[in-house]
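Chemist: Sharing a structure with you now.
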Amino acid sequence: MARREEILKDIQTRFREDIVDFFDKSSKRVYIEIKPESIVRVAGYIFKELEARFNIASGVDARTHLEILYHFSLEDINLLISLRVKLDRENPEIDSLAPVFKGANWIEREIHELLGINFRGHPDLRRLLLAKEWPAGVYPLRADYREWDRNAIRDRGV
Amino acid sequence: MSITLNALLKSPWVFHLSTGSCNNCDIEVLDCLTPRFDIERFGMLLTGSIKHADVLLVTGSCNRKSANRLKVLYDQAPKPCVVIAIGECSLSRGMFIHSYNCPVPLDKIIPVDAYIPGCPPKPEAIIAGAVKLIQKVRGK
Amino acid sequence: MARSVIPIGPWHPLQEEPEFFTLTVDGETVVDIDVSIGYNHRGIEKLSERKTFDQSTFVIERICGICSTSHPFAYTRAVEDIIPVEVPERAKYIRTIVAEGERVHSHLLWFGLAGHFLGYNTVYHWVWKLREEILDVLEILTGNRNNYAMFKPGGVRRDINADDIPLVVKKIDSIVPTLDRLKKAVLDDPVLHARLKGIGILTKEEAIDYCALGPTSRASGVAKDVRKDAPYGAYDRVDWDMIVTENGDVFDKVVVRILEVYESIKIMKTCLSKLPAGEIDLNIKDIPPGEGIGAHEAPRGETFHYVRSDGTNRPARHKVRAPTFMNLPSYRATVIGETISDATIILAAIDPCYCCTERMAVRDDRGRKILGGPDLVRLSQEKTKKLANKMGLQ
């Protein structure tokens with residue numbers, strides 16, 4: 001338990017300027033909101049210095065803004081830290097984590113094509129999942145996504 | 001159906017194609033070849049190339065990338081070719097009917113001759129379906 | 001000059017389909033690889049938002065057929081983490097039994113396919129026949145061979161009948177002798193040693209950098225397993241070992257998976273004998289607004305689900321991450337520098353879950369197909385034969 005408190009206190013002091021909100025939900029879950037411009041520093045510290053494992057990044061359309069949560073696991077103390085960044089809906093952009101660790105490469109491509117968030121500095125931001133004929137600028141995971149395909153059949157014909 | 005098909009179906013060569021499925025149906029099809037169910041004793045053989053196929057087994061809910069590939073492959077198959085749709089996803093897309101990536105059901109892309117429902121259909125059901133189809137073809 | 005090779009080939013021995021892996025080769029050596037996915041993308045995360053929390057479990061089950069318990073396990077844990085709440089003891093044991101049964105069937109499935117790629121077709125048929133016993137066990141316990149539909153947020157949907165347990169244990173025990181024979185046949189086979197050792201090595205540093213998971217990373221010395229690191233279900237109430245090896249090559253990955261089958265059998269039998277009485281379901285009525293994260297060690301690695309609730313009866317956001325998503329990019333580290341005839345078995349060694357992965361083939365610069373999927377598998381099988389001949393063993 002002591003190491004957990006030590007680590008969290010250390011993060012809070014070291015990144016005092018970057019942290020917007022700190023929610024210690026339970027012994028296993030911590031949600032830290034940081035400013036988007038600090039992501040590379042904070043995530044890099046957690047991955048390299050604390051030797052956490054990067055789980056995945058969840059892109060969310062929270063109606064008023066877009067969010068990305070970066071989930072990191074510290075297995076030896078059974079703690080999962082989720083870094084939250086809030087991005088503007090009109091022009092969502094953030095620095096890419098792909099240069100920091102290779103595990104972030106594909107998920108950023110996926111968030112880019114499904115939610116329309118731009119990752120600055122990503123080495124290869126092309127489509128991962130969607131077909132070639134999928135129109136550009138249409139982001140399926142957004143709340144305001146509407147069916148664009150006039151040939152789609154959405155009933156069973158019964 | 002034609003005399004050719006009738007003759008070919010005495011020992012049908014089967015080509016299996018997945019158009020975007022969870023692979024449960026595909027594993028059950030493979031299970032049909034393993035010693036417990038063993039459809040090879042009926043003369044059914046899985047072929048590696050569509051150009052040698054008499055029967056096309058299709059699974060999956062035809063997502064956009066796979067549907068393009070499916071059309072190309074079906075055109076390459078020498079006709080007559082019997083198409084069997086296996087599993088709910090290939091019947092009508094099942095629970096993926098509202099998915100943004102699965103626009104049309106299988107039978108709007110290629111003509112289907114037999115439908116085997118189930119999620120996934122048990123190997124017994126797959127064999128029963130294939131046999132029913134062969135008997136129907138021979139009966140004509 | 002590098003010749004462009006676009007692999008498209010059967011991942012499992014029976015299909016021949018378009019692009020998935022693009023290999024660039026120089027002579028016989030692979031110098032670059034690119035992976036293209038999306039052939040199984042069905043928009044499940046978006047579908048989940050239309051369904052209620054309970055209905056979503058059924059959609060989630062069908063993300064992958066082989067690991068059909070892993071996703072609901074992680075998802076129900078994520079929903080329970082929103083509140084947060086712990087399920088009853090009996091439910092934990094039942095969940096563990098089903099999850100381990102799935103691990104056995106999944107590893108055996110992989111084992112059979114790997115045997116086929118190496119030219120050991122007898123192994124393939126024997127192992128799949130053996131696998132039918134486990135599917136029978138799961139059918140007795142849950143009612144179905146594949147999509148068990150046992151999980152719901154708050155517990156399990158059906159109970160295990162005490163009368164079935166002796167038959168189940170007998171069937172599980174009947175697998176072990178054949179498994180022992182196969183294990184000996186594989187682990188002591190000098191041809192397999194020559195064929196698989198030193199091939200497709202993923203070093204520990206690379207495994208950490210790519211954030212690889214499951215047996216893929218445990219074979220490289222990364223001792224991480226969600227069942228040990230963040231215990232849930234009945235995993236901390238049962239004695240079992242995490243299997244870790246050091247070399248990171250394909251042989252080690254085979255060893256890790258075979259030994260894990262034994263551990264899973266141990267866990268299943270212990271849980272069946274210690275099954276506590278009690279409730280199986282908390283009957284959760286409302287999910288409050290909040291966020292929850294659930295993880296489960298699937299046969300291929302950790303499945304990770306993140307669920308956000310806004311107080312209604314549908315998820316506001318449901319993020320799904322299958323283990324193969326993190327393992328696939330590690331191909332760049334394992335296949336580059338190896339030969340084409342090893343490409344199939346190296347790509348098979350991470351046990352890609354079909355539904356995230358497809359097939360391979362080979363074309364030249366002008367787009368003409370030179371080698372199809374069956375050819376790549378045949379190359380792999382021929383290499384094994386050549387090695388066996390060289391060692392005077394066939």
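As shown in the structure tokens, the chain order sets the letters A, B, ...; within each chain, residues go from 1, and ligands are also counted from 1 in the order they appear.
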Find the nearest atom pair between each residue of chain C and chain A for residues within 7 Å, count only C-alpha atoms, give distances in Å to one decimal, sort rows by chain and ascending number, and present the table as JSON lines.
Modeler:
```
{"residue": "C:Ser36", "atom": "CA", "partner": "A:Leu128", "partner_atom": "CA", "distance": 6.8}
{"residue": "C:Ile37", "atom": "CA", "partner": "A:Leu129", "partner_atom": "CA", "distance": 5.9}
{"residue": "C:Gly38", "atom": "CA", "partner": "A:Leu129", "partner_atom": "CA", "distance": 4.0}
{"residue": "C:His41", "atom": "CA", "partner": "A:Leu129", "partner_atom": "CA", "distance": 6.5}
{"residue": "C:Lys46", "atom": "CA", "partner": "A:Leu141", "partner_atom": "CA", "distance": 6.3}
{"residue": "C:Asp209", "atom": "CA", "partner": "A:Phe101", "partner_atom": "CA", "distance": 5.5}
{"residue": "C:Tyr210", "atom": "CA", "partner": "A:Gly103", "partner_atom": "CA", "distance": 4.3}
{"residue": "C:Cys211", "atom": "CA", "partner": "A:Gly103", "partner_atom": "CA", "distance": 5.3}
{"residue": "C:Asp229", "atom": "CA", "partner": "A:Glu75", "partner_atom": "CA", "distance": 5.4}
{"residue": "C:Ala230", "atom": "CA", "partner": "A:Asn78", "partner_atom": "CA", "distance": 5.5}
{"residue": "C:Arg317", "atom": "CA", "partner": "A:Val60", "partner_atom": "CA", "distance": 6.7}
{"residue": "C:Lys319", "atom": "CA", "partner": "A:Ser58", "partner_atom": "CA", "distance": 6.1}
{"residue": "C:Met326", "atom": "CA", "partner": "A:Gly103", "partner_atom": "CA", "distance": 6.6}
```
Chemist: Would you kindly return, as a short mmCIF file (atom, residue, chain, number, x, y, z; two decimals) with C-alpha atoms, in the first residue's frame, each protein, DNA or RNA residue with an atom no farther than 9 Å from any atom of segment 255-267 of chain C, considering only C-alpha atoms and excluding same-chain residues fewer than 4 positions away?
Modeler:
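The new file part20.cif reads:
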```
data_model
loop_
_atom_site.label_atom_id
_atom_site.label_comp_id
_atom_site.auth_asym_id
_atom_site.auth_seq_id
_atom_site.Cartn_x
_atom_site.Cartn_y
_atom_site.Cartn_z
CA THR C 96 -13.47 -19.67 -13.68
CA ILE C 97 -14.45 -23.19 -14.70
CA GLU C 100 -10.45 -22.43 -18.13
CA GLY C 101 -12.40 -24.92 -20.22
CA ARG C 103 -8.49 -22.00 -22.55
CA VAL C 104 -7.97 -25.74 -22.96
CA HIS C 105 -10.02 -25.89 -26.15
CA HIS C 107 -4.80 -24.01 -26.94
CA LEU C 108 -5.62 -27.45 -28.34
CA TRP C 110 -3.89 -23.85 -31.95
CA PHE C 111 -1.80 -26.91 -31.28
CA ILE C 172 -11.38 -34.18 -18.25
CA ASP C 173 -9.25 -37.00 -16.83
CA VAL C 176 -4.65 -36.33 -19.90
CA LEU C 179 -2.13 -35.13 -23.93
CA LYS C 183 3.41 -33.51 -25.23
CA LEU C 187 8.73 -31.65 -26.87
CA PRO C 215 1.77 -16.53 -24.08
CA THR C 216 3.49 -14.37 -26.71
CA ARG C 218 5.38 -14.98 -21.37
CA ALA C 219 7.52 -16.97 -23.80
CA ALA C 234 -11.48 -18.08 -8.25
CA TYR C 235 -7.86 -17.70 -9.45
CA VAL C 238 -6.73 -22.21 -6.33
CA ASP C 239 -3.11 -23.31 -6.51
CA TRP C 240 -1.65 -22.99 -10.00
CA ASP C 241 1.56 -21.84 -11.71
CA MET C 242 2.22 -19.19 -14.30
CA ILE C 243 4.28 -20.62 -17.14
CA VAL C 244 7.14 -18.36 -18.24
CA THR C 245 10.10 -19.23 -20.47
CA VAL C 250 8.45 -20.30 -31.55
CA PHE C 251 9.44 -23.44 -29.62
CA CYS C 271 -12.83 -25.55 -8.79
CA LEU C 272 -15.27 -28.35 -9.53
CA PRO C 299 -6.00 -17.73 -24.13
#
```
Chemist: Counting only C-alpha atoms, which residues of chain B come no farther than 6 Å from chain A, as a compact mmCIF listing (two decimals) with C-alpha atoms, in the first residue's frame?
Modeler:
```txt
# COMPACT_ATOMS: atom_id res chain seq x y z
CA LYS B 65 -13.87 -5.09 -47.16
CA PRO B 103 -24.57 -2.91 -45.26
CA VAL B 104 -26.26 -5.80 -47.09
```
Chemist: Hey, what does DSSP flag as strand (DSSP E) within segment 3-146 of chain A? Can you give it to me as a ChimeraX atom specification?
Modeler: /A:19-26,29-34,53-61,66-74,79-87,93-95,118-120
Chemist: Go ahead and write the selection's residues with N, CA and C atoms as a tab-separated table (two decimals), in the first residue's frame.
Modeler:
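File produced: part29.tsv:
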```
chain	number	residue	atom	x	y	z
A	19	ILE	N	-1.72	18.43	-14.15
A	19	ILE	CA	-2.91	17.70	-13.73
A	19	ILE	C	-4.08	18.65	-13.53
A	20	VAL	N	-5.22	18.29	-14.15
A	20	VAL	CA	-6.43	19.11	-14.02
A	20	VAL	C	-7.33	18.51	-12.94
A	21	ASP	N	-7.35	17.15	-12.90
A	21	ASP	CA	-8.24	16.50	-11.92
A	21	ASP	C	-7.61	15.18	-11.52
A	22	PHE	N	-7.79	14.78	-10.27
A	22	PHE	CA	-7.20	13.53	-9.79
A	22	PHE	C	-8.29	12.77	-9.04
A	23	PHE	N	-8.74	11.65	-9.62
A	23	PHE	CA	-9.82	10.90	-8.99
A	23	PHE	C	-9.30	9.53	-8.57
A	24	ASP	N	-9.14	9.35	-7.26
A	24	ASP	CA	-8.66	8.08	-6.73
A	24	ASP	C	-9.90	7.24	-6.46
A	25	LYS	N	-10.35	6.46	-7.43
A	25	LYS	CA	-11.66	5.81	-7.31
A	25	LYS	C	-11.62	4.65	-6.32
A	26	SER	N	-10.59	3.79	-6.41
A	26	SER	CA	-10.52	2.65	-5.50
A	26	SER	C	-9.08	2.22	-5.47
A	29	ARG	N	-8.08	1.49	-9.09
A	29	ARG	CA	-8.39	2.37	-10.22
A	29	ARG	C	-8.13	3.82	-9.85
A	30	VAL	N	-7.35	4.50	-10.71
A	30	VAL	CA	-7.10	5.92	-10.54
A	30	VAL	C	-7.32	6.60	-11.88
A	31	TYR	N	-8.06	7.69	-11.89
A	31	TYR	CA	-8.32	8.43	-13.15
A	31	TYR	C	-7.71	9.83	-13.00
A	32	ILE	N	-6.72	10.13	-13.85
A	32	ILE	CA	-6.04	11.43	-13.75
A	32	ILE	C	-6.33	12.21	-15.01
A	33	GLU	N	-6.90	13.41	-14.87
A	33	GLU	CA	-7.10	14.23	-16.07
A	33	GLU	C	-5.92	15.18	-16.21
A	34	ILE	N	-5.32	15.20	-17.40
A	34	ILE	CA	-4.18	16.10	-17.63
A	34	ILE	C	-4.46	16.97	-18.85
A	53	ARG	N	2.67	-1.00	-17.93
A	53	ARG	CA	2.34	-1.56	-19.24
A	53	ARG	C	1.22	-0.74	-19.84
A	54	PHE	N	1.36	-0.40	-21.13
A	54	PHE	CA	0.30	0.35	-21.80
A	54	PHE	C	-0.78	-0.64	-22.23
A	55	ASN	N	-1.99	-0.43	-21.75
A	55	ASN	CA	-3.07	-1.34	-22.10
A	55	ASN	C	-3.68	-1.00	-23.43
A	56	ILE	N	-4.31	0.18	-23.51
A	56	ILE	CA	-4.95	0.64	-24.74
A	56	ILE	C	-5.38	2.08	-24.50
A	57	ALA	N	-5.78	2.76	-25.58
A	57	ALA	CA	-6.33	4.11	-25.44
A	57	ALA	C	-7.79	4.05	-25.88
A	58	SER	N	-8.69	4.59	-25.08
A	58	SER	CA	-10.11	4.61	-25.45
A	58	SER	C	-10.50	6.00	-25.89
A	59	GLY	N	-10.95	6.14	-27.11
A	59	GLY	CA	-11.45	7.43	-27.58
A	59	GLY	C	-12.93	7.50	-27.30
A	60	VAL	N	-13.41	8.60	-26.76
A	60	VAL	CA	-14.82	8.72	-26.38
A	60	VAL	C	-15.39	10.00	-26.95
A	61	ASP	N	-16.62	9.91	-27.45
A	61	ASP	CA	-17.31	11.14	-27.84
A	61	ASP	C	-18.24	11.49	-26.70
A	66	LEU	N	-14.42	15.81	-27.09
A	66	LEU	CA	-13.91	14.45	-27.31
A	66	LEU	C	-12.91	14.14	-26.21
A	67	GLU	N	-12.82	12.89	-25.84
A	67	GLU	CA	-11.87	12.50	-24.79
A	67	GLU	C	-11.06	11.33	-25.26
A	68	ILE	N	-9.83	11.25	-24.77
A	68	ILE	CA	-9.07	10.01	-24.93
A	68	ILE	C	-8.61	9.59	-23.54
A	69	LEU	N	-8.79	8.31	-23.22
A	69	LEU	CA	-8.25	7.80	-21.97
A	69	LEU	C	-7.13	6.83	-22.31
A	70	TYR	N	-5.95	7.07	-21.75
A	70	TYR	CA	-4.82	6.17	-21.93
A	70	TYR	C	-4.72	5.31	-20.67
A	71	HIS	N	-4.82	3.99	-20.83
A	71	HIS	CA	-4.82	3.11	-19.67
A	71	HIS	C	-3.46	2.46	-19.49
A	72	PHE	N	-2.90	2.57	-18.28
A	72	PHE	CA	-1.61	1.95	-17.96
A	72	PHE	C	-1.76	1.04	-16.76
A	73	SER	N	-1.12	-0.13	-16.81
A	73	SER	CA	-1.20	-1.07	-15.70
A	73	SER	C	0.10	-1.14	-14.94
A	74	LEU	N	-0.01	-1.00	-13.61
A	74	LEU	CA	1.17	-1.25	-12.77
A	74	LEU	C	0.87	-2.57	-12.06
A	79	LEU	N	-2.53	-1.78	-9.83
A	79	LEU	CA	-3.14	-0.47	-10.01
A	79	LEU	C	-3.26	-0.16	-11.49
A	80	LEU	N	-4.41	0.37	-11.89
A	80	LEU	CA	-4.61	0.76	-13.27
A	80	LEU	C	-4.79	2.28	-13.31
A	81	ILE	N	-3.85	2.98	-13.94
A	81	ILE	CA	-3.93	4.44	-14.04
A	81	ILE	C	-4.50	4.80	-15.40
A	82	SER	N	-5.55	5.60	-15.42
A	82	SER	CA	-6.12	6.05	-16.70
A	82	SER	C	-5.89	7.54	-16.82
A	83	LEU	N	-5.13	7.94	-17.85
A	83	LEU	CA	-4.89	9.36	-18.10
A	83	LEU	C	-5.97	9.85	-19.05
A	84	ARG	N	-6.66	10.90	-18.63
A	84	ARG	CA	-7.74	11.42	-19.47
A	84	ARG	C	-7.32	12.75	-20.07
A	85	VAL	N	-7.56	12.93	-21.37
A	85	VAL	CA	-7.38	14.26	-21.97
A	85	VAL	C	-8.68	14.65	-22.65
A	86	LYS	N	-9.02	15.93	-22.53
A	86	LYS	CA	-10.23	16.41	-23.16
A	86	LYS	C	-9.86	17.27	-24.35
A	87	LEU	N	-10.48	17.00	-25.48
A	87	LEU	CA	-10.13	17.70	-26.71
A	87	LEU	C	-11.34	18.42	-27.28
A	93	GLU	N	-6.87	17.54	-31.68
A	93	GLU	CA	-5.50	17.22	-32.05
A	93	GLU	C	-4.73	16.92	-30.79
A	94	ILE	N	-3.77	16.02	-30.90
A	94	ILE	CA	-2.91	15.77	-29.74
A	94	ILE	C	-1.61	15.17	-30.26
A	95	ASP	N	-0.57	15.25	-29.46
A	95	ASP	CA	0.71	14.67	-29.88
A	95	ASP	C	0.64	13.15	-29.83
A	118	ASN	N	-6.68	13.96	-34.71
A	118	ASN	CA	-5.39	13.97	-35.39
A	118	ASN	C	-4.26	13.77	-34.39
A	119	PHE	N	-3.32	12.91	-34.74
A	119	PHE	CA	-2.18	12.65	-33.86
A	119	PHE	C	-0.94	13.23	-34.50
A	120	ARG	N	-0.44	14.31	-33.93
A	120	ARG	CA	0.71	15.00	-34.52
A	120	ARG	C	1.95	14.15	-34.30
```
Chemist: Quick one: which segment 129-223 of chain C residues come within 10 Å of segment 277-285 of chain C, and what is the nearest atom pair for each with the distance in Å to one decimal, counting only C-alpha atoms, rows ordered by chain and ascending number, as JSON lines?
Modeler:
```
{"residue": "C:Phe151", "atom": "CA", "partner": "C:Asp281", "partner_atom": "CA", "distance": 9.7}
{"residue": "C:Lys152", "atom": "CA", "partner": "C:Asp281", "partner_atom": "CA", "distance": 8.3}
{"residue": "C:Pro153", "atom": "CA", "partner": "C:Ile284", "partner_atom": "CA", "distance": 7.3}
{"residue": "C:Gly154", "atom": "CA", "partner": "C:Leu282", "partner_atom": "CA", "distance": 4.9}
{"residue": "C:Gly155", "atom": "CA", "partner": "C:Asp281", "partner_atom": "CA", "distance": 4.3}
{"residue": "C:Val156", "atom": "CA", "partner": "C:Ile280", "partner_atom": "CA", "distance": 5.8}
{"residue": "C:Arg157", "atom": "CA", "partner": "C:Asp281", "partner_atom": "CA", "distance": 7.2}
{"residue": "C:Arg158", "atom": "CA", "partner": "C:Ile280", "partner_atom": "CA", "distance": 7.7}
{"residue": "C:Asp159", "atom": "CA", "partner": "C:Ile280", "partner_atom": "CA", "distance": 7.0}
{"residue": "C:Ile160", "atom": "CA", "partner": "C:Ile280", "partner_atom": "CA", "distance": 9.9}
```
Chemist: Store the residues of this selection in a file with N, CA and C atoms, as a PDB file, in the first residue's frame.
Modeler:
```pdb
ATOM      1  N   PHE C 151     -22.514 -15.666 -18.945  1.00  0.00           N
ATOM      2  CA  PHE C 151     -22.152 -14.486 -18.162  1.00  0.00           C
ATOM      3  C   PHE C 151     -23.223 -13.421 -18.207  1.00  0.00           C
ATOM      4  N   LYS C 152     -23.401 -12.720 -17.111  1.00  0.00           N
ATOM      5  CA  LYS C 152     -24.195 -11.503 -17.128  1.00  0.00           C
ATOM      6  C   LYS C 152     -23.621 -10.576 -16.074  1.00  0.00           C
ATOM      7  N   PRO C 153     -23.826  -9.270 -16.221  1.00  0.00           N
ATOM      8  CA  PRO C 153     -23.293  -8.371 -15.189  1.00  0.00           C
ATOM      9  C   PRO C 153     -23.969  -8.697 -13.865  1.00  0.00           C
ATOM     10  N   GLY C 154     -23.185  -9.107 -12.886  1.00  0.00           N
ATOM     11  CA  GLY C 154     -23.750  -9.470 -11.600  1.00  0.00           C
ATOM     12  C   GLY C 154     -23.607 -10.947 -11.276  1.00  0.00           C
ATOM     13  N   GLY C 155     -23.164 -11.756 -12.228  1.00  0.00           N
ATOM     14  CA  GLY C 155     -23.008 -13.167 -11.893  1.00  0.00           C
ATOM     15  C   GLY C 155     -23.045 -14.025 -13.137  1.00  0.00           C
ATOM     16  N   VAL C 156     -23.633 -15.210 -13.002  1.00  0.00           N
ATOM     17  CA  VAL C 156     -23.787 -16.094 -14.156  1.00  0.00           C
ATOM     18  C   VAL C 156     -25.262 -16.379 -14.370  1.00  0.00           C
ATOM     19  N   ARG C 157     -25.597 -16.778 -15.587  1.00  0.00           N
ATOM     20  CA  ARG C 157     -27.008 -16.943 -15.925  1.00  0.00           C
ATOM     21  C   ARG C 157     -27.545 -18.322 -15.537  1.00  0.00           C
ATOM     22  N   ARG C 158     -26.660 -19.326 -15.560  1.00  0.00           N
ATOM     23  CA  ARG C 158     -27.154 -20.663 -15.254  1.00  0.00           C
ATOM     24  C   ARG C 158     -26.239 -21.316 -14.243  1.00  0.00           C
ATOM     25  N   ASP C 159     -26.782 -22.254 -13.529  1.00  0.00           N
ATOM     26  CA  ASP C 159     -26.015 -22.931 -12.514  1.00  0.00           C
ATOM     27  C   ASP C 159     -25.452 -24.238 -13.052  1.00  0.00           C
ATOM     28  N   ILE C 160     -24.464 -24.776 -12.328  1.00  0.00           N
ATOM     29  CA  ILE C 160     -23.921 -26.083 -12.694  1.00  0.00           C
ATOM     30  C   ILE C 160     -24.642 -27.134 -11.865  1.00  0.00           C
TER      31      ILE C 160
END
```
Chemist: Kindly provide, as an mmCIF file with N, CA and C atoms, in the first residue's frame, the residues of chain B having any atom no farther than 6 Å from an atom of chain C, counting only C-alpha atoms.
Modeler:
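Result file out.cif:
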```
data_model
loop_
_atom_site.group_PDB
_atom_site.id
_atom_site.type_symbol
_atom_site.label_atom_id
_atom_site.label_comp_id
_atom_site.auth_asym_id
_atom_site.auth_seq_id
_atom_site.Cartn_x
_atom_site.Cartn_y
_atom_site.Cartn_z
ATOM 1 N N GLY B 20 -16.103 -12.114 -42.813
ATOM 2 C CA GLY B 20 -16.162 -11.208 -41.673
ATOM 3 C C GLY B 20 -17.021 -11.819 -40.571
ATOM 4 N N CYS B 22 -17.160 -14.149 -36.643
ATOM 5 C CA CYS B 22 -16.432 -14.346 -35.404
ATOM 6 C C CYS B 22 -15.658 -15.649 -35.457
ATOM 7 N N ASN B 23 -15.785 -16.376 -36.539
ATOM 8 C CA ASN B 23 -15.048 -17.612 -36.773
ATOM 9 C C ASN B 23 -15.559 -18.838 -36.048
ATOM 10 N N ASN B 24 -16.642 -18.687 -35.305
ATOM 11 C CA ASN B 24 -17.231 -19.861 -34.675
ATOM 12 C C ASN B 24 -17.732 -20.835 -35.734
ATOM 13 N N THR B 34 -12.863 -33.312 -38.905
ATOM 14 C CA THR B 34 -12.032 -34.019 -37.944
ATOM 15 C C THR B 34 -12.674 -35.354 -37.615
ATOM 16 N N PRO B 35 -11.909 -36.243 -37.017
ATOM 17 C CA PRO B 35 -12.363 -37.629 -36.896
ATOM 18 C C PRO B 35 -13.753 -37.851 -36.305
ATOM 19 N N GLY B 48 -8.267 -26.033 -51.620
ATOM 20 C CA GLY B 48 -7.558 -24.793 -51.315
ATOM 21 C C GLY B 48 -7.806 -23.702 -52.327
ATOM 22 N N LYS B 65 -15.107 -4.609 -46.520
ATOM 23 C CA LYS B 65 -13.869 -5.091 -47.155
ATOM 24 C C LYS B 65 -14.057 -6.509 -47.676
ATOM 25 N N SER B 66 -14.747 -7.342 -46.899
ATOM 26 C CA SER B 66 -14.917 -8.731 -47.301
ATOM 27 C C SER B 66 -15.882 -8.878 -48.455
ATOM 28 N N SER B 99 -25.104 -2.662 -37.961
ATOM 29 C CA SER B 99 -23.703 -2.245 -37.927
ATOM 30 C C SER B 99 -23.376 -1.363 -39.116
ATOM 31 N N ASN B 101 -20.771 -1.218 -40.652
ATOM 32 C CA ASN B 101 -19.843 -1.821 -41.594
ATOM 33 C C ASN B 101 -20.406 -3.037 -42.310
#
```
Chemist: With only C-alpha atoms as the atoms that count, which of B:His98, B:Leu45, B:Ile86, B:Ile110 lies nearest to Val72 of chain B?
Modeler: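 Of B:His98, B:Leu45, B:Ile86, B:Ile110, the one nearest Val72 of chain B is B:Ile110, counting only C-alpha atoms.
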Chemist: Quick check, in Å to one decimal: how far apart do atom CA of Thr29 of chain C and atom CA of Ile340 of chain C lie?
Modeler: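 Here the two named atoms are 6.3 Å from each other.
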Chemist: One number please: atom CA of Asp38 of chain B to atom CA of Lys132 of chain B, in Å, one decimal.
Modeler: 17.2 Å
Chemist: Tell me, in Å to one decimal, how far atom CA of Val58 of chain B is from atom CA of Asp351 of chain C.
Modeler: 23.2 Å
Chemist: Quick one: residues within 10 Å of His16 of chain B, only C-alpha atoms, excluding same-chain residues fewer than 5 positions away - as an MDAnalysis selection string?
Modeler: (chainID B and resid 26 29:30 46:50 53 55:59 84) or (chainID C and resid 14:16)
Chemist: Write down as an NGL selection string the residues belonging to segment 196-243 of chain C that are assigned alpha helix (DSSP H) by DSSP computed on the backbone.
Modeler: :C and (196 or 204-209 or 214-218 or 226-229)
Chemist: Could the residues in this selection be saved with N, CA and C atoms as a compact mmCIF listing (two decimals), in the first residue's frame?
Modeler:
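Printed below is out.txt as written:
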```
# COMPACT_ATOMS: atom_id res chain seq x y z
N LEU C 196 12.02 -25.36 -34.86
CA LEU C 196 11.38 -24.25 -34.17
C LEU C 196 12.28 -23.46 -33.23
N LYS C 204 12.76 -9.75 -24.84
CA LYS C 204 11.97 -9.19 -23.75
C LYS C 204 11.73 -7.69 -23.95
N GLU C 205 12.78 -6.99 -24.41
CA GLU C 205 12.63 -5.54 -24.61
C GLU C 205 11.58 -5.24 -25.67
N GLU C 206 11.61 -6.04 -26.75
CA GLU C 206 10.63 -5.79 -27.81
C GLU C 206 9.23 -6.12 -27.32
N ALA C 207 9.11 -7.21 -26.54
CA ALA C 207 7.79 -7.57 -26.04
C ALA C 207 7.22 -6.43 -25.19
N ILE C 208 8.09 -5.76 -24.42
CA ILE C 208 7.62 -4.65 -23.59
C ILE C 208 7.31 -3.43 -24.45
N ASP C 209 8.13 -3.18 -25.46
CA ASP C 209 7.91 -1.99 -26.29
C ASP C 209 6.63 -2.10 -27.11
N GLY C 214 -0.02 -12.12 -23.12
CA GLY C 214 -0.34 -13.53 -23.11
C GLY C 214 0.87 -14.42 -23.33
N PRO C 215 0.65 -15.62 -23.87
CA PRO C 215 1.77 -16.53 -24.08
C PRO C 215 2.87 -15.93 -24.97
N THR C 216 2.48 -15.01 -25.85
CA THR C 216 3.49 -14.37 -26.71
C THR C 216 4.53 -13.67 -25.87
N SER C 217 4.12 -12.96 -24.82
CA SER C 217 5.11 -12.25 -24.02
C SER C 217 5.67 -13.14 -22.93
N ARG C 218 4.86 -14.09 -22.42
CA ARG C 218 5.38 -14.98 -21.37
C ARG C 218 6.48 -15.88 -21.92
N VAL C 226 -2.82 -11.63 -16.04
CA VAL C 226 -3.84 -10.90 -15.28
C VAL C 226 -4.38 -11.74 -14.13
N ARG C 227 -4.38 -13.07 -14.33
CA ARG C 227 -4.95 -13.92 -13.28
C ARG C 227 -4.10 -13.91 -12.03
N LYS C 228 -2.79 -13.61 -12.20
CA LYS C 228 -1.92 -13.53 -11.02
C LYS C 228 -1.77 -12.08 -10.55
N ASP C 229 -1.68 -11.13 -11.50
CA ASP C 229 -1.38 -9.75 -11.11
C ASP C 229 -2.57 -9.06 -10.48
```
